[in-house]
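Source file: target.txt (compact mmCIF, C-alpha atoms)
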```txt
# COMPACT_ATOMS: atom_id res chain seq x y z
CA MET R 1 75.24 53.37 36.31
CA TYR R 2 76.17 52.92 32.67
CA GLU R 3 72.57 53.06 31.51
CA THR R 4 71.92 56.19 33.57
CA PHE R 5 75.03 58.12 32.54
CA GLN R 6 76.07 56.55 29.21
CA ASP R 7 75.62 59.82 27.33
CA ARG R 8 78.23 61.44 29.63
CA LEU R 9 80.29 58.58 31.05
CA VAL R 10 82.39 55.76 29.60
CA ILE R 11 82.70 52.46 31.43
CA ILE R 12 84.91 49.75 29.96
CA GLY R 13 85.39 46.27 31.40
CA PHE R 14 88.78 44.60 31.02
CA PRO R 15 88.54 40.83 31.51
CA CYS R 16 91.65 39.35 33.05
CA ASN R 17 92.59 35.84 34.15
CA ASP R 18 95.38 36.98 36.51
CA PHE R 19 93.29 36.70 39.68
CA GLY R 20 92.29 33.23 40.74
CA GLY R 21 91.78 32.05 37.16
CA GLN R 22 88.28 33.57 37.13
CA GLU R 23 88.33 34.50 33.42
CA PRO R 24 89.67 31.46 31.54
CA ASP R 25 87.36 31.85 28.53
CA ASN R 26 87.76 34.00 25.44
CA ALA R 27 86.43 37.56 25.22
CA ALA R 28 83.15 36.59 23.53
CA SER R 29 82.35 33.97 26.18
CA ILE R 30 83.23 36.38 28.97
CA MET R 31 80.98 39.08 27.52
CA SER R 32 78.13 36.60 27.12
CA PHE R 33 78.51 35.46 30.72
CA CYS R 34 78.69 39.03 32.08
CA THR R 35 75.62 40.06 30.09
CA ARG R 36 73.61 37.03 31.17
CA LYS R 37 74.69 36.91 34.85
CA TYR R 38 75.16 40.62 35.65
CA GLY R 39 73.25 42.48 32.94
CA VAL R 40 76.41 44.17 31.66
CA THR R 41 75.68 46.54 28.77
CA PHE R 42 78.90 48.59 28.79
CA PRO R 43 81.76 47.80 26.38
CA MET R 44 84.19 45.02 27.22
CA ALA R 45 87.76 45.07 25.95
CA ALA R 46 89.68 42.01 24.86
CA LYS R 47 91.07 39.89 27.67
CA ILE R 48 94.35 41.33 28.96
CA ALA R 49 97.12 40.67 31.46
CA ILE R 50 97.43 43.05 34.40
CA ARG R 51 100.22 41.46 36.41
CA PRO R 52 103.86 41.38 35.30
CA PRO R 53 105.57 40.28 33.23
CA ASN R 54 102.88 40.76 30.56
CA THR R 55 101.15 43.86 31.96
CA ASN R 56 98.95 45.59 29.41
CA ALA R 57 100.25 49.10 28.57
CA LEU R 58 97.06 50.79 29.83
CA PHE R 59 97.35 49.09 33.21
CA ALA R 60 101.05 49.86 33.37
CA TRP R 61 100.06 53.53 33.00
CA LEU R 62 97.13 53.31 35.43
CA THR R 63 99.27 51.77 38.19
CA SER R 64 102.52 53.73 37.84
CA LYS R 65 102.94 57.26 39.22
CA ALA R 66 105.97 57.65 36.96
CA GLN R 67 103.60 57.29 34.00
CA ASN R 68 100.23 58.68 35.19
CA GLU R 69 101.80 61.44 37.35
CA VAL R 70 99.21 60.92 40.11
CA MET R 71 99.74 57.72 42.10
CA ASP R 72 101.14 54.23 42.25
CA SER R 73 98.60 51.47 42.78
CA GLU R 74 98.40 47.73 42.61
CA VAL R 75 95.42 45.81 41.25
CA ARG R 76 94.87 43.13 43.86
CA TRP R 77 91.76 41.46 42.43
CA ASN R 78 89.16 41.71 39.68
CA PHE R 79 86.72 44.63 39.63
CA TYR R 80 89.17 47.39 40.57
CA LYS R 81 87.89 50.75 39.44
CA PHE R 82 89.98 53.54 37.93
CA LEU R 83 88.29 56.92 37.71
CA LEU R 84 89.60 59.22 35.00
CA ASP R 85 88.39 62.72 34.26
CA GLU R 86 87.19 63.99 30.89
CA LYS R 87 90.79 64.76 29.88
CA GLY R 88 91.97 61.25 30.67
CA ALA R 89 93.81 62.11 33.88
CA LEU R 90 93.72 59.54 36.66
CA VAL R 91 91.65 60.80 39.58
CA LYS R 92 91.13 57.86 41.91
CA VAL R 93 91.65 54.12 42.26
CA LEU R 94 89.05 52.06 44.11
CA PRO R 95 89.37 48.43 45.20
CA SER R 96 87.06 45.58 44.31
CA ALA R 97 85.05 45.89 47.53
CA VAL R 98 83.74 49.34 46.55
CA ASN R 99 80.36 48.96 44.86
CA PRO R 100 80.10 50.82 41.53
CA LEU R 101 76.96 52.50 42.92
CA ASP R 102 78.72 53.68 46.08
CA GLU R 103 77.78 57.25 47.02
CA MET R 104 81.42 58.34 46.68
CA ILE R 105 81.45 57.28 43.02
CA LEU R 106 77.99 58.62 42.24
CA ASP R 107 78.84 61.99 43.84
CA TRP R 108 82.06 62.16 41.81
CA VAL R 109 80.26 61.29 38.57
CA GLN R 110 77.52 63.82 39.14
CA THR R 111 80.02 66.54 40.11
CA ALA R 112 82.41 65.76 37.26
CA ILE R 113 79.74 65.68 34.59
```

The structure in this file should be written as structure tokens.
Amino acid sequence: MYETFQDRLVIIGFPCNDFGGQEPDNAASIMSFCTRKYGVTFPMAAKIAIRPPNTNALFAWLTSKAQNEVMDSEVRWNFYKFLLDEKGALVKVLPSAVNPLDEMILDWVQTAI
């Protein structure tokens, strides 16, 4: 998806060790692993905390209707997807089980772009 739409779409990975201890390494090691194992070419942010009490400010905004003015949500596992429009408004939250190449996402990307 990133390689197909990278001129019109931003994808950023946020490594987090809050879910089952799956990301214990540092950001460089995580990026190396993701590139080698999954072919990741999109940008990866520094490792963050998503769950309280140390919730990263971006994820506090993404998951709080009081802040994002759209919806409350709870990240339950790695690989949650937050879709934002070109103005930065939250549009949709998708759980880990939804494949990034799901038709729903591809239709949204192609319509939004």

Contacts of Asn56 (chain R) at 12 Å or less, counting all atoms listed in the file, minus same-chain residues fewer than 5 places along, as a PyMOL selection string? chain R and resi 14-16+18+45-51+61-63

Taking 5 positions as the minimum chain separation for residues in the same chain, which residues sit within 12 Å of Lys65 (chain R) when counting only C-alpha atoms? Answer as a PDB file with C-alpha atoms, in the frame of the given file.
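File produced: part-v4.pdb:
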```
ATOM      1  CA  PHE R  59      97.350  49.090  33.210  1.00  0.00           C
ATOM      2  CA  ALA R  60     101.050  49.860  33.370  1.00  0.00           C
ATOM      3  CA  VAL R  70      99.210  60.920  40.110  1.00  0.00           C
ATOM      4  CA  MET R  71      99.740  57.720  42.100  1.00  0.00           C
ATOM      5  CA  ASP R  72     101.140  54.230  42.250  1.00  0.00           C
ATOM      6  CA  SER R  73      98.600  51.470  42.780  1.00  0.00           C
ATOM      7  CA  GLU R  74      98.400  47.730  42.610  1.00  0.00           C
ATOM      8  CA  ALA R  89      93.810  62.110  33.880  1.00  0.00           C
ATOM      9  CA  LEU R  90      93.720  59.540  36.660  1.00  0.00           C
ATOM     10  CA  VAL R  91      91.650  60.800  39.580  1.00  0.00           C
TER      11      VAL R  91
END
```

Between R:Tyr2, R:Glu23, R:Thr111, R:Ala57, which residue has the minimum interatomic distance to Gly39 (chain R), considering only C-alpha atoms? R:Tyr2

Pairwise distance for CA of Tyr80 (chain R) and CA of Val93 (chain R), rounded to one decimal in Å: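 If I compute the distance from CA of Tyr80 (chain R) to CA of Val93 (chain R), I get 7.4 Å.
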
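With distances taken over all atoms listed in the file, R:Leu83 is the one residue among R:Val75, R:Leu83, R:Ile30, R:Leu58 lying closest to Ile105 (chain R).
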
Could you tell me how far CA of Met44 (chain R) sits from CA of Asp85 (chain R), in Å to one decimal place?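 We find that CA of Asp85 (chain R) and CA of Met44 (chain R) lie 19.5 Å from each other.
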
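You will find CA of Asn54 (chain R) at 25.4 Å from CA of Val10 (chain R).
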
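Nearest residue to Arg76 (chain R) among R:Gly88, R:Pro95, R:Pro43, R:Gly21 is R:Pro95, counting all atoms listed in the file.
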
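The shortest atom-to-atom distance to Val109 (chain R), with all atoms listed in the file taken into account, belongs to R:Leu84 out of R:Ile12, R:Leu84, R:Ala27, R:Val40.
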
Among listed residues R:Phe5, R:Phe82, R:Trp108, R:Phe33, nearest Leu94 (chain R) (using all atoms listed in the file):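 Among the listed residues, R:Phe82 lies closest to Leu94 (chain R).
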
Excluding Phe42 (chain R) and its own-chain neighbours fewer than 6 positions away, which residues fall within 10 Å of it when counting only C-alpha atoms? Please give them as a list of chain:residue names.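 Near neighbours after the sequence-gap exclusion: R:Met1, R:Tyr2, R:Glu3, R:Gln6, R:Val10, R:Ile11, R:Ile12, R:Gly13, R:Met31, R:Thr35.
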
Smallest atom-to-atom distance to Val98 (chain R): which of R:Tyr38, R:Asn78, R:Asn68, R:Phe19, using only C-alpha atoms?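 So, comparing all the options, the nearest one is R:Asn78.
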